[in-house]
file work_28.cif (mmCIF, C-alpha atoms and all ligand atoms; chains and numbers go by the auth columns)
data_my_file
loop_
_atom_site.group_PDB
_atom_site.id
_atom_site.type_symbol
_atom_site.label_atom_id
_atom_site.label_comp_id
_atom_site.label_asym_id
_atom_site.label_seq_id
_atom_site.Cartn_x
_atom_site.Cartn_y
_atom_site.Cartn_z
_atom_site.B_iso_or_equiv
_atom_site.auth_seq_id
_atom_site.auth_asym_id
ATOM 1 C CA MET A 1 11.801 -49.621 -40.282 0.00 219 A
ATOM 2 C CA ALA A 2 12.252 -49.832 -36.527 0.00 220 A
ATOM 3 C CA VAL A 3 15.494 -47.836 -36.671 0.00 221 A
ATOM 4 C CA SER A 4 13.985 -44.990 -38.703 0.00 222 A
ATOM 5 C CA SER A 5 10.982 -44.803 -36.374 0.00 223 A
ATOM 6 C CA LYS A 6 13.331 -44.519 -33.368 0.00 224 A
ATOM 7 C CA ARG A 7 15.241 -41.799 -35.121 0.00 225 A
ATOM 8 C CA ARG A 8 12.009 -39.914 -35.798 0.00 226 A
ATOM 9 C CA THR A 9 11.033 -40.113 -32.128 0.00 227 A
ATOM 10 C CA LYS A 10 14.469 -38.847 -31.171 0.00 228 A
ATOM 11 C CA LYS A 11 14.118 -35.934 -33.617 0.00 229 A
ATOM 12 C CA ARG A 12 10.676 -35.090 -32.278 0.00 230 A
ATOM 13 C CA ARG A 13 11.979 -35.094 -28.685 0.00 231 A
ATOM 14 C CA LEU A 14 14.835 -32.825 -29.664 0.00 232 A
ATOM 15 C CA LEU A 15 12.383 -30.442 -31.303 0.00 233 A
ATOM 16 C CA ILE A 16 10.127 -30.359 -28.241 0.00 234 A
ATOM 17 C CA TRP A 17 13.060 -29.669 -25.904 0.00 235 A
ATOM 18 C CA SER A 18 14.304 -26.886 -28.189 0.00 236 A
ATOM 19 C CA LEU A 19 10.869 -25.274 -28.091 0.00 237 A
ATOM 20 C CA VAL A 20 10.714 -25.517 -24.284 0.00 238 A
ATOM 21 C CA LEU A 21 14.156 -23.933 -24.011 0.00 239 A
ATOM 22 C CA LEU A 22 13.215 -21.160 -26.428 0.00 240 A
ATOM 23 C CA LEU A 23 10.046 -20.415 -24.454 0.00 241 A
ATOM 24 C CA ALA A 24 12.009 -20.260 -21.185 0.00 242 A
ATOM 25 C CA LEU A 25 14.517 -17.865 -22.738 0.00 243 A
ATOM 26 C CA LEU A 26 11.701 -15.651 -24.049 0.00 244 A
ATOM 27 C CA ILE A 27 10.099 -15.467 -20.593 0.00 245 A
ATOM 28 C CA VAL A 28 13.399 -14.476 -18.958 0.00 246 A
ATOM 29 C CA ALA A 29 14.106 -11.886 -21.669 0.00 247 A
ATOM 30 C CA PHE A 30 10.595 -10.396 -21.295 0.00 248 A
ATOM 31 C CA ARG A 31 11.049 -10.057 -17.518 0.00 249 A
ATOM 32 C CA LEU A 32 14.384 -8.287 -17.989 0.00 250 A
ATOM 33 C CA VAL A 33 12.906 -5.825 -20.474 0.00 251 A
ATOM 34 C CA GLU A 34 9.998 -5.125 -18.120 0.00 252 A
ATOM 35 C CA GLU A 35 12.249 -4.470 -15.135 0.00 253 A
ATOM 36 C CA ILE A 36 14.655 -2.239 -17.000 0.00 254 A
ATOM 37 C CA GLY A 37 11.686 -0.342 -18.454 0.00 255 A
ATOM 38 C CA GLN A 38 10.362 0.294 -14.952 0.00 256 A
ATOM 39 C CA GLU A 39 13.702 1.553 -13.704 0.00 257 A
ATOM 40 C CA ARG A 40 14.021 4.034 -16.511 0.00 258 A
ATOM 41 C CA GLU A 41 10.598 5.477 -15.821 0.00 259 A
ATOM 42 C CA PRO A 42 9.919 5.655 -12.058 0.00 260 A
ATOM 43 C CA THR A 43 7.421 8.531 -12.433 0.00 261 A
ATOM 44 C CA ASP A 44 4.487 8.218 -14.803 0.00 262 A
ATOM 45 C CA ARG A 45 1.867 10.816 -15.690 0.00 263 A
ATOM 46 C CA PHE A 46 -1.864 10.259 -15.516 0.00 264 A
ATOM 47 C CA ILE A 47 -5.069 12.271 -15.185 0.00 265 A
ATOM 48 C CA VAL A 48 -7.409 11.589 -12.262 0.00 266 A
ATOM 49 C CA ALA A 49 -10.973 10.924 -13.467 0.00 267 A
ATOM 50 C CA ARG A 50 -12.833 10.363 -10.161 0.00 268 A
ATOM 51 C CA VAL A 51 -12.193 9.314 -6.587 0.00 269 A
ATOM 52 C CA GLN A 52 -13.700 6.265 -4.862 0.00 270 A
ATOM 53 C CA ASP A 53 -12.745 7.163 -1.291 0.00 271 A
ATOM 54 C CA GLY A 54 -9.943 8.989 0.493 0.00 272 A
ATOM 55 C CA ASP A 55 -7.153 6.753 -0.768 0.00 273 A
ATOM 56 C CA SER A 56 -8.229 5.314 -4.127 0.00 274 A
ATOM 57 C CA MET A 57 -9.249 6.745 -7.467 0.00 275 A
ATOM 58 C CA GLU A 58 -9.882 6.001 -11.103 0.00 276 A
ATOM 59 C CA LEU A 59 -7.616 7.404 -13.789 0.00 277 A
ATOM 60 C CA GLN A 60 -8.642 8.374 -17.294 0.00 278 A
ATOM 61 C CA GLY A 61 -8.662 5.203 -19.340 0.00 279 A
ATOM 62 C CA GLY A 62 -9.999 3.151 -16.436 0.00 280 A
ATOM 63 C CA ASP A 63 -6.862 2.246 -14.491 0.00 281 A
ATOM 64 C CA ARG A 64 -7.159 2.524 -10.709 0.00 282 A
ATOM 65 C CA LEU A 65 -4.691 4.035 -8.256 0.00 283 A
ATOM 66 C CA ARG A 66 -4.353 3.262 -4.534 0.00 284 A
ATOM 67 C CA LEU A 67 -2.367 5.710 -2.417 0.00 285 A
ATOM 68 C CA ARG A 68 0.606 3.990 -0.849 0.00 286 A
ATOM 69 C CA ALA A 69 1.244 3.770 2.913 0.00 287 A
ATOM 70 C CA ILE A 70 -2.024 5.378 4.066 0.00 288 A
ATOM 71 C CA ASP A 71 -5.484 4.061 4.969 0.00 289 A
ATOM 72 C CA THR A 72 -8.618 6.222 5.007 0.00 290 A
ATOM 73 C CA PRO A 73 -12.095 5.481 6.472 0.00 291 A
ATOM 74 C CA GLU A 74 -14.289 2.929 4.650 0.00 292 A
ATOM 75 C CA LYS A 75 -17.835 3.790 3.544 0.00 293 A
ATOM 76 C CA GLY A 76 -20.086 4.021 6.608 0.00 294 A
ATOM 77 C CA GLN A 77 -17.215 4.923 8.962 0.00 295 A
ATOM 78 C CA PRO A 78 -16.763 8.390 10.501 0.00 296 A
ATOM 79 C CA LEU A 79 -15.096 10.965 8.240 0.00 297 A
ATOM 80 C CA PHE A 80 -15.457 8.838 5.077 0.00 298 A
ATOM 81 C CA ASP A 81 -17.176 11.753 3.297 0.00 299 A
ATOM 82 C CA GLU A 82 -14.605 14.287 4.483 0.00 300 A
ATOM 83 C CA ALA A 83 -11.654 12.158 3.335 0.00 301 A
ATOM 84 C CA THR A 84 -13.302 11.465 -0.034 0.00 302 A
ATOM 85 C CA ARG A 85 -14.140 15.144 -0.556 0.00 303 A
ATOM 86 C CA LEU A 86 -10.592 16.232 0.289 0.00 304 A
ATOM 87 C CA LEU A 87 -9.049 13.850 -2.246 0.00 305 A
ATOM 88 C CA ASP A 88 -11.709 14.865 -4.795 0.00 306 A
ATOM 89 C CA SER A 89 -10.885 18.565 -4.403 0.00 307 A
ATOM 90 C CA LEU A 90 -7.144 17.956 -4.660 0.00 308 A
ATOM 91 C CA ALA A 91 -6.994 15.426 -7.462 0.00 309 A
ATOM 92 C CA VAL A 92 -9.903 15.236 -9.907 0.00 310 A
ATOM 93 C CA GLY A 93 -9.074 16.571 -13.378 0.00 311 A
ATOM 94 C CA LYS A 94 -5.443 17.076 -12.439 0.00 312 A
ATOM 95 C CA ILE A 95 -2.266 15.561 -13.871 0.00 313 A
ATOM 96 C CA ALA A 96 -0.950 13.066 -11.378 0.00 314 A
ATOM 97 C CA ASP A 97 2.706 12.281 -10.868 0.00 315 A
ATOM 98 C CA ILE A 98 2.864 8.819 -9.373 0.00 316 A
ATOM 99 C CA ARG A 99 5.999 7.572 -7.678 0.00 317 A
ATOM 100 C CA PHE A 100 6.268 3.805 -7.433 0.00 318 A
ATOM 101 C CA VAL A 101 8.280 1.879 -4.861 0.00 319 A
ATOM 102 C CA ASN A 102 9.247 -1.794 -5.320 0.00 320 A
ATOM 103 C CA GLN A 103 6.103 -2.907 -7.138 0.00 321 A
ATOM 104 C CA ARG A 104 3.752 -0.962 -9.420 0.00 322 A
ATOM 105 C CA ARG A 105 0.504 -2.705 -8.492 0.00 323 A
ATOM 106 C CA ASP A 106 -1.170 -4.105 -5.378 0.00 324 A
ATOM 107 C CA LYS A 107 -2.749 -7.558 -5.120 0.00 325 A
ATOM 108 C CA TYR A 108 -6.024 -6.200 -6.564 0.00 326 A
ATOM 109 C CA GLY A 109 -4.234 -5.028 -9.716 0.00 327 A
ATOM 110 C CA ARG A 110 -4.442 -1.350 -8.783 0.00 328 A
ATOM 111 C CA LEU A 111 -1.486 0.970 -9.311 0.00 329 A
ATOM 112 C CA LEU A 112 0.099 1.614 -5.915 0.00 330 A
ATOM 113 C CA GLY A 113 2.170 4.722 -5.312 0.00 331 A
ATOM 114 C CA TYR A 114 2.837 8.121 -3.835 0.00 332 A
ATOM 115 C CA LEU A 115 0.754 10.778 -5.565 0.00 333 A
ATOM 116 C CA TYR A 116 2.060 14.254 -6.376 0.00 334 A
ATOM 117 C CA ILE A 117 -0.147 16.954 -7.910 0.00 335 A
ATOM 118 C CA ASP A 118 1.329 20.385 -8.675 0.00 336 A
ATOM 119 C CA SER A 119 4.270 19.161 -6.552 0.00 337 A
ATOM 120 C CA LEU A 120 2.003 18.658 -3.498 0.00 338 A
ATOM 121 C CA PHE A 121 2.462 15.284 -1.783 0.00 339 A
ATOM 122 C CA ILE A 122 -1.196 14.169 -1.630 0.00 340 A
ATOM 123 C CA ASN A 123 -0.684 11.141 0.687 0.00 341 A
ATOM 124 C CA LYS A 124 0.828 13.572 3.185 0.00 342 A
ATOM 125 C CA ILE A 125 -2.004 16.124 2.934 0.00 343 A
ATOM 126 C CA ILE A 126 -4.549 13.407 3.809 0.00 344 A
ATOM 127 C CA LEU A 127 -2.573 12.510 6.971 0.00 345 A
ATOM 128 C CA GLU A 128 -1.943 16.155 7.853 0.00 346 A
ATOM 129 C CA ASN A 129 -5.707 16.646 8.015 0.00 347 A
ATOM 130 C CA GLY A 130 -6.174 13.545 10.152 0.00 348 A
ATOM 131 C CA LEU A 131 -8.358 11.957 7.443 0.00 349 A
ATOM 132 C CA GLY A 132 -6.382 8.712 7.295 0.00 350 A
ATOM 133 C CA TYR A 133 -3.719 6.761 9.151 0.00 351 A
ATOM 134 C CA LEU A 134 -0.210 5.855 8.149 0.00 352 A
ATOM 135 C CA TYR A 135 -0.448 2.231 7.001 0.00 353 A
ATOM 136 C CA LEU A 136 2.825 0.318 6.745 0.00 354 A
ATOM 137 C CA PHE A 137 3.809 -3.221 5.834 0.00 355 A
ATOM 138 C CA ARG A 138 6.740 -5.387 6.848 0.00 356 A
ATOM 139 C CA ASP A 139 8.637 -4.543 3.672 0.00 357 A
ATOM 140 C CA THR A 140 8.335 -0.774 4.227 0.00 358 A
ATOM 141 C CA ARG A 141 11.626 1.081 4.470 0.00 359 A
ATOM 142 C CA LEU A 142 11.163 3.325 7.483 0.00 360 A
ATOM 143 C CA ASP A 143 14.132 5.507 6.590 0.00 361 A
ATOM 144 C CA SER A 144 12.751 6.515 3.181 0.00 362 A
ATOM 145 C CA PRO A 145 12.108 10.277 2.869 0.00 363 A
ATOM 146 C CA GLU A 146 8.425 9.713 1.987 0.00 364 A
ATOM 147 C CA ILE A 147 7.716 7.606 5.067 0.00 365 A
ATOM 148 C CA ARG A 148 9.457 10.168 7.290 0.00 366 A
ATOM 149 C CA GLU A 149 7.329 12.940 5.781 0.00 367 A
ATOM 150 C CA LEU A 150 4.157 10.898 6.279 0.00 368 A
ATOM 151 C CA LEU A 151 4.974 10.049 9.904 0.00 369 A
ATOM 152 C CA ASP A 152 5.731 13.720 10.630 0.00 370 A
ATOM 153 C CA ALA A 153 2.384 14.700 9.103 0.00 371 A
ATOM 154 C CA GLN A 154 0.562 12.143 11.264 0.00 372 A
ATOM 155 C CA ARG A 155 2.353 13.306 14.436 0.00 373 A
ATOM 156 C CA ASN A 156 1.345 16.847 13.613 0.00 374 A
ATOM 157 C CA ALA A 157 -2.302 15.869 13.199 0.00 375 A
ATOM 158 C CA ILE A 158 -2.245 13.950 16.515 0.00 376 A
ATOM 159 C CA LYS A 159 -0.862 16.992 18.330 0.00 377 A
ATOM 160 C CA ARG A 160 -3.561 19.226 16.864 0.00 378 A
ATOM 161 C CA GLY A 161 -6.290 16.650 17.464 0.00 379 A
ATOM 162 C CA VAL A 162 -7.724 17.038 13.956 0.00 380 A
ATOM 163 C CA GLY A 163 -9.923 14.632 11.986 0.00 381 A
ATOM 164 C CA LEU A 164 -9.773 11.020 13.202 0.00 382 A
ATOM 165 C CA HIS A 165 -7.526 12.129 16.080 0.00 383 A
ATOM 166 C CA GLY A 166 -10.276 14.379 17.428 0.00 384 A
ATOM 167 C CA LEU A 167 -12.996 11.699 17.613 0.00 385 A
ATOM 168 C CA LYS A 168 -14.254 10.622 21.051 0.00 386 A
ATOM 169 C CA ARG A 169 -13.618 6.913 21.729 0.00 387 A
ATOM 170 C CA ALA A 170 -13.978 4.667 24.760 0.00 388 A
ATOM 171 C CA PRO A 171 -10.349 3.892 25.669 0.00 389 A
ATOM 172 C CA GLU A 172 -8.966 0.404 26.339 0.00 390 A
ATOM 173 C CA ASP A 173 -6.631 -0.167 29.312 0.00 391 A
ATOM 174 C CA TYR A 174 -3.812 -0.671 26.815 0.00 392 A
ATOM 175 C CA TYR A 175 -3.058 -1.601 23.212 0.00 393 A
ATOM 176 C CA ILE A 176 -0.874 -4.407 21.862 0.00 394 A
ATOM 177 C CA VAL A 177 1.546 -4.623 18.920 0.00 395 A
ATOM 178 C CA LYS A 178 2.876 -8.018 17.884 0.00 396 A
ATOM 179 C CA GLN A 179 6.610 -8.073 17.150 0.00 397 A
ATOM 180 C CA GLY A 180 7.355 -7.410 13.475 0.00 398 A
ATOM 181 C CA SER A 181 3.850 -6.083 12.766 0.00 399 A
ATOM 182 C CA PHE A 182 2.703 -2.508 12.116 0.00 400 A
ATOM 183 C CA ARG A 183 -0.835 -2.954 13.584 0.00 401 A
ATOM 184 C CA PHE A 184 -2.021 -2.246 17.103 0.00 402 A
ATOM 185 C CA HIS A 185 -4.882 -4.169 18.712 0.00 403 A
ATOM 186 C CA ARG A 186 -7.334 -4.110 21.573 0.00 404 A
ATOM 187 C CA PRO A 187 -6.286 -6.492 24.379 0.00 405 A
ATOM 188 C CA GLY A 188 -9.137 -8.880 23.448 0.00 406 A
ATOM 189 C CA CYS A 189 -8.342 -9.175 19.722 0.00 407 A
ATOM 190 C CA ARG A 190 -7.883 -12.712 18.423 0.00 408 A
ATOM 191 C CA ALA A 191 -4.709 -11.672 16.600 0.00 409 A
ATOM 192 C CA VAL A 192 -2.876 -11.023 19.879 0.00 410 A
ATOM 193 C CA ARG A 193 -4.240 -13.821 22.064 0.00 411 A
ATOM 194 C CA ASP A 194 -1.687 -16.089 23.840 0.00 412 A
ATOM 195 C CA LEU A 195 1.410 -14.125 22.855 0.00 413 A
ATOM 196 C CA LYS A 196 4.644 -15.258 24.491 0.00 414 A
ATOM 197 C CA PRO A 197 6.525 -12.761 26.697 0.00 415 A
ATOM 198 C CA GLY A 198 8.994 -10.674 24.736 0.00 416 A
ATOM 199 C CA THR A 199 7.082 -10.980 21.444 0.00 417 A
ATOM 200 C CA PHE A 200 4.884 -7.911 21.822 0.00 418 A
ATOM 201 C CA GLN A 201 4.868 -4.270 22.779 0.00 419 A
ATOM 202 C CA ILE A 202 2.324 -2.401 24.919 0.00 420 A
ATOM 203 C CA PHE A 203 1.047 1.149 24.424 0.00 421 A
ATOM 204 C CA GLU A 204 -1.054 2.903 27.046 0.00 422 A
ATOM 205 C CA THR A 205 -2.982 5.011 24.542 0.00 423 A
ATOM 206 C CA ARG A 206 -3.827 4.674 20.846 0.00 424 A
ATOM 207 C CA GLU A 207 -2.207 8.079 20.238 0.00 425 A
ATOM 208 C CA GLU A 208 1.136 6.708 21.437 0.00 426 A
ATOM 209 C CA ALA A 209 0.861 3.774 19.019 0.00 427 A
ATOM 210 C CA LEU A 210 -0.138 6.068 16.144 0.00 428 A
ATOM 211 C CA TYR A 211 2.681 8.460 17.008 0.00 429 A
ATOM 212 C CA GLU A 212 5.182 5.628 16.442 0.00 430 A
ATOM 213 C CA GLY A 213 3.655 4.785 13.053 0.00 431 A
ATOM 214 C CA PHE A 214 1.458 1.806 14.017 0.00 432 A
ATOM 215 C CA SER A 215 -2.038 1.652 12.566 0.00 433 A
ATOM 216 C CA PRO A 216 -5.302 0.268 13.995 0.00 434 A
ATOM 217 C CA CYS A 217 -6.141 -3.397 13.284 0.00 435 A
ATOM 218 C CA ARG A 218 -8.974 -3.674 10.740 0.00 436 A
ATOM 219 C CA ASN A 219 -10.706 -6.410 12.755 0.00 437 A
ATOM 220 C CA CYS A 220 -10.782 -5.145 16.363 0.00 438 A
ATOM 221 C CA LYS A 221 -10.812 -1.487 15.167 0.00 439 A
ATOM 222 C CA PRO A 222 -9.158 0.031 18.268 0.00 440 A
HETATM 223 ZN ZN ZN B . -6.951 -6.594 16.276 0.00 501 B
#
call {"tool": "encode", "arguments": {"input": "work_28.cif", "output": "C-alpha cells"}}
result
Amino acid sequence: MAVSSKRRTKKRRLLIWSLVLLLALLIVAFRLVEEIGQEREPTDRFIVARVQDGDSMELQGGDRLRLRAIDTPEKGQPLFDEATRLLDSLAVGKIADIRFVNQRRDKYGRLLGYLYIDSLFINKIILENGLGYLYLFRDTRLDSPEIRELLDAQRNAIKRGVGLHGLKRAPEDYYIVKQGSFRFHRPGCRAVRDLKPGTFQIFETREEALYEGFSPCRNCKP
C-alpha cells in the first residue's frame, strides 16, 4: 500500500513538472512569434478618428496613438488650441502610416510611433510650426534619420521664432542639464540641486538648450 501511494505521488509530481515545462515553452514560443510578427510588419495602417491634443489621437476602433519624440502643450497652456487644431487638420479622417521604433506601445498602453499621412512626416510638421518640442529619452538613437529631421525642424522654428519659440518669457540666468538626461531645468529646480562638478552642463539661454535637442523639464517648466 505504502509503495503504491509513493509511486502515485511520484507520478503526480512528474505530471506537474511536465505541465510547468510545457507552459514555459508555450510562453517562449508566443514571444518569438510576436517579435517576428512585428519585424515583418514595421508599418501598420490606421484611420485617425479624433485628436486629443497636439501629440495624441484616437484611431478608428478605439486604439490611441501618441506621437513619438515630441511633446506639445497640455490643456490650459499657451498654444494648446493651436497645436490641437494643426494635428486635427492634418490627421482626422486620414489613413495613418505609423512607424514603430523598439516598442509599439508606451507605458499607458498607447501606440507610440512616427506618423506619416500622404507621405508627410506629421511629428516634424508640429515641430516646424513651433507647436511642440523635441522630446527624447535615454534610449533614443540620435543618429536615426527621423530624429535628425525632427531636430532640424526644431532648429528652423527657433530661428524663425514661431509658435512656442516666439512667446515672451522671463529669462533665468542660466539653465542646467544633468549628464545623461535630455531635460533642461531652471537653476532652482529640485531635480538639479546639489549636482557634483562635471555631472552637468550649463546653457545661457533656453534657445541654446532647445537647439541641441534638450526639452524643458515638466516640473520647473523653464
Ligand atoms: Zn526642472
call {"tool": "residues_around", "arguments": {"input": "work_28.cif", "residues": "Phe418 (chain A)", "least_positions_apart": "6", "cutoff": "12 Å", "atoms": "only C-alpha atoms", "output": "list in words"}}
result
Tyr393, Ile394, Val395, Lys396, Gln397, Gly398, Ser399, Phe400, Arg401, Phe402, His403, Pro405, Ala409, Val410, Arg411 and Asp412 of chain A
call {"tool": "atom_distance", "arguments": {"input": "work_28.cif", "atom1": "CA of Gly384 (chain A)", "atom2": "CA of Gly348 (chain A)"}}
result
8.4 Å
call {"tool": "closest_atom_pairs", "arguments": {"input": "work_28.cif", "of": "chain A", "to": "ligand ZN 501 (chain B)", "cutoff": "6 Å", "atoms": "only C-alpha atoms and all ligand atoms", "output": "tab-separated table"}}
result
residue	atom	partner	partner_atom	distance
A:His403	CA	B:ZN501	ZN	4.0
A:Arg404	CA	B:ZN501	ZN	5.9
A:Cys407	CA	B:ZN501	ZN	4.5
A:Ala409	CA	B:ZN501	ZN	5.6
A:Cys435	CA	B:ZN501	ZN	4.5
A:Asn437	CA	B:ZN501	ZN	5.2
A:Cys438	CA	B:ZN501	ZN	4.1
call {"tool": "closest_residue", "arguments": {"input": "work_28.cif", "among": "A:Arg378, A:Arg373, A:Arg408, A:Arg226", "to": "Ala427 (chain A)", "atoms": "only C-alpha atoms"}}
result
A:Arg373
call {"tool": "atom_distance", "arguments": {"input": "work_28.cif", "atom1": "CA of Glu430 (chain A)", "atom2": "CA of His383 (chain A)"}}
result
14.3 Å
call {"tool": "resolve_selection", "arguments": {"input": "work_28.cif", "expression": "the PyMOL selection byres (((chain A and resi 422) around 8) and not hetatm)", "output": "list in words"}}
result
Asp391, Tyr392, Tyr393, Ile420, Phe421, Thr423, Arg424 and Glu426 of chain A
call {"tool": "residues_around", "arguments": {"input": "work_28.cif", "residues": "Gly350 (chain A)", "least_positions_apart": "6", "cutoff": "8 Å", "atoms": "all atoms listed in the file", "output": "VMD selection string"}}
result
chain A and resid 272 288 to 291 301 344 382
call {"tool": "closest_residue", "arguments": {"input": "work_28.cif", "among": "A:Ala267, A:Leu352, A:Leu333, A:Ala287", "to": "Val310 (chain A)", "atoms": "all atoms listed in the file"}}
result
A:Ala267
call {"tool": "atom_distance", "arguments": {"input": "work_28.cif", "atom1": "CA of Arg231 (chain A)", "atom2": "CA of Ile245 (chain A)"}}
result
21.3 Å
call {"tool": "resolve_selection", "arguments": {"input": "work_28.cif", "expression": "the PyMOL selection byres (((chain A and resi 311-315) around 12) and not hetatm)", "output": "PyMOL selection string"}}
result
chain A and resi 259-269+275-278+283+285+305-310+316-318+331-340
call {"tool": "decode", "arguments": {"input": "work_28.cif", "residues": "region 369-415 of chain A", "atoms": "C-alpha atoms", "output": "compact mmCIF listing (two decimals), in the first residue's frame"}}
result
# COMPACT_ATOMS: atom_id res chain seq x y z
CA LEU A 369 15.94 68.34 -34.67
CA ASP A 370 16.39 70.23 -37.95
CA ALA A 371 12.71 71.19 -37.89
CA GLN A 372 13.02 72.47 -34.31
CA ARG A 373 16.17 74.48 -35.14
CA ASN A 374 14.32 76.03 -38.04
CA ALA A 375 11.39 77.03 -35.84
CA ILE A 376 13.77 78.55 -33.24
CA LYS A 377 15.47 80.64 -35.92
CA ARG A 378 12.13 81.92 -37.19
CA GLY A 379 10.79 82.48 -33.68
CA VAL A 380 7.47 80.77 -34.44
CA GLY A 381 4.94 79.26 -32.03
CA LEU A 382 6.38 78.39 -28.60
CA HIS A 383 9.70 79.94 -29.65
CA GLY A 384 8.04 83.32 -30.11
CA LEU A 385 6.47 83.52 -26.63
CA LYS A 386 7.77 86.16 -24.20
CA ARG A 387 9.26 84.61 -21.04
CA ALA A 388 11.19 85.97 -18.07
CA PRO A 389 14.69 84.51 -18.60
CA GLU A 390 16.72 82.70 -15.94
CA ASP A 391 20.44 83.48 -15.54
CA TYR A 392 21.18 80.04 -16.95
CA TYR A 393 19.71 76.58 -17.48
CA ILE A 394 21.02 73.21 -16.32
CA VAL A 395 21.13 69.76 -17.95
CA LYS A 396 22.06 66.75 -15.84
CA GLN A 397 24.52 64.37 -17.51
CA GLY A 398 22.74 61.61 -19.44
CA SER A 399 19.38 63.42 -19.38
CA PHE A 400 17.53 65.17 -22.21
CA ARG A 401 15.75 67.77 -19.97
CA PHE A 402 16.87 71.27 -19.10
CA HIS A 403 15.95 72.94 -15.81
CA ARG A 404 15.79 76.27 -14.05
CA PRO A 405 18.69 76.71 -11.60
CA GLY A 406 16.29 76.29 -8.64
CA CYS A 407 14.68 73.02 -9.77
CA ARG A 408 14.80 70.17 -7.26
CA ALA A 409 15.98 67.78 -9.97
CA VAL A 410 19.30 69.61 -10.33
CA ARG A 411 20.03 70.57 -6.72
CA ASP A 412 23.45 69.57 -5.28
CA LEU A 413 24.94 68.26 -8.52
CA LYS A 414 28.62 67.37 -8.37
CA PRO A 415 31.03 69.25 -10.67
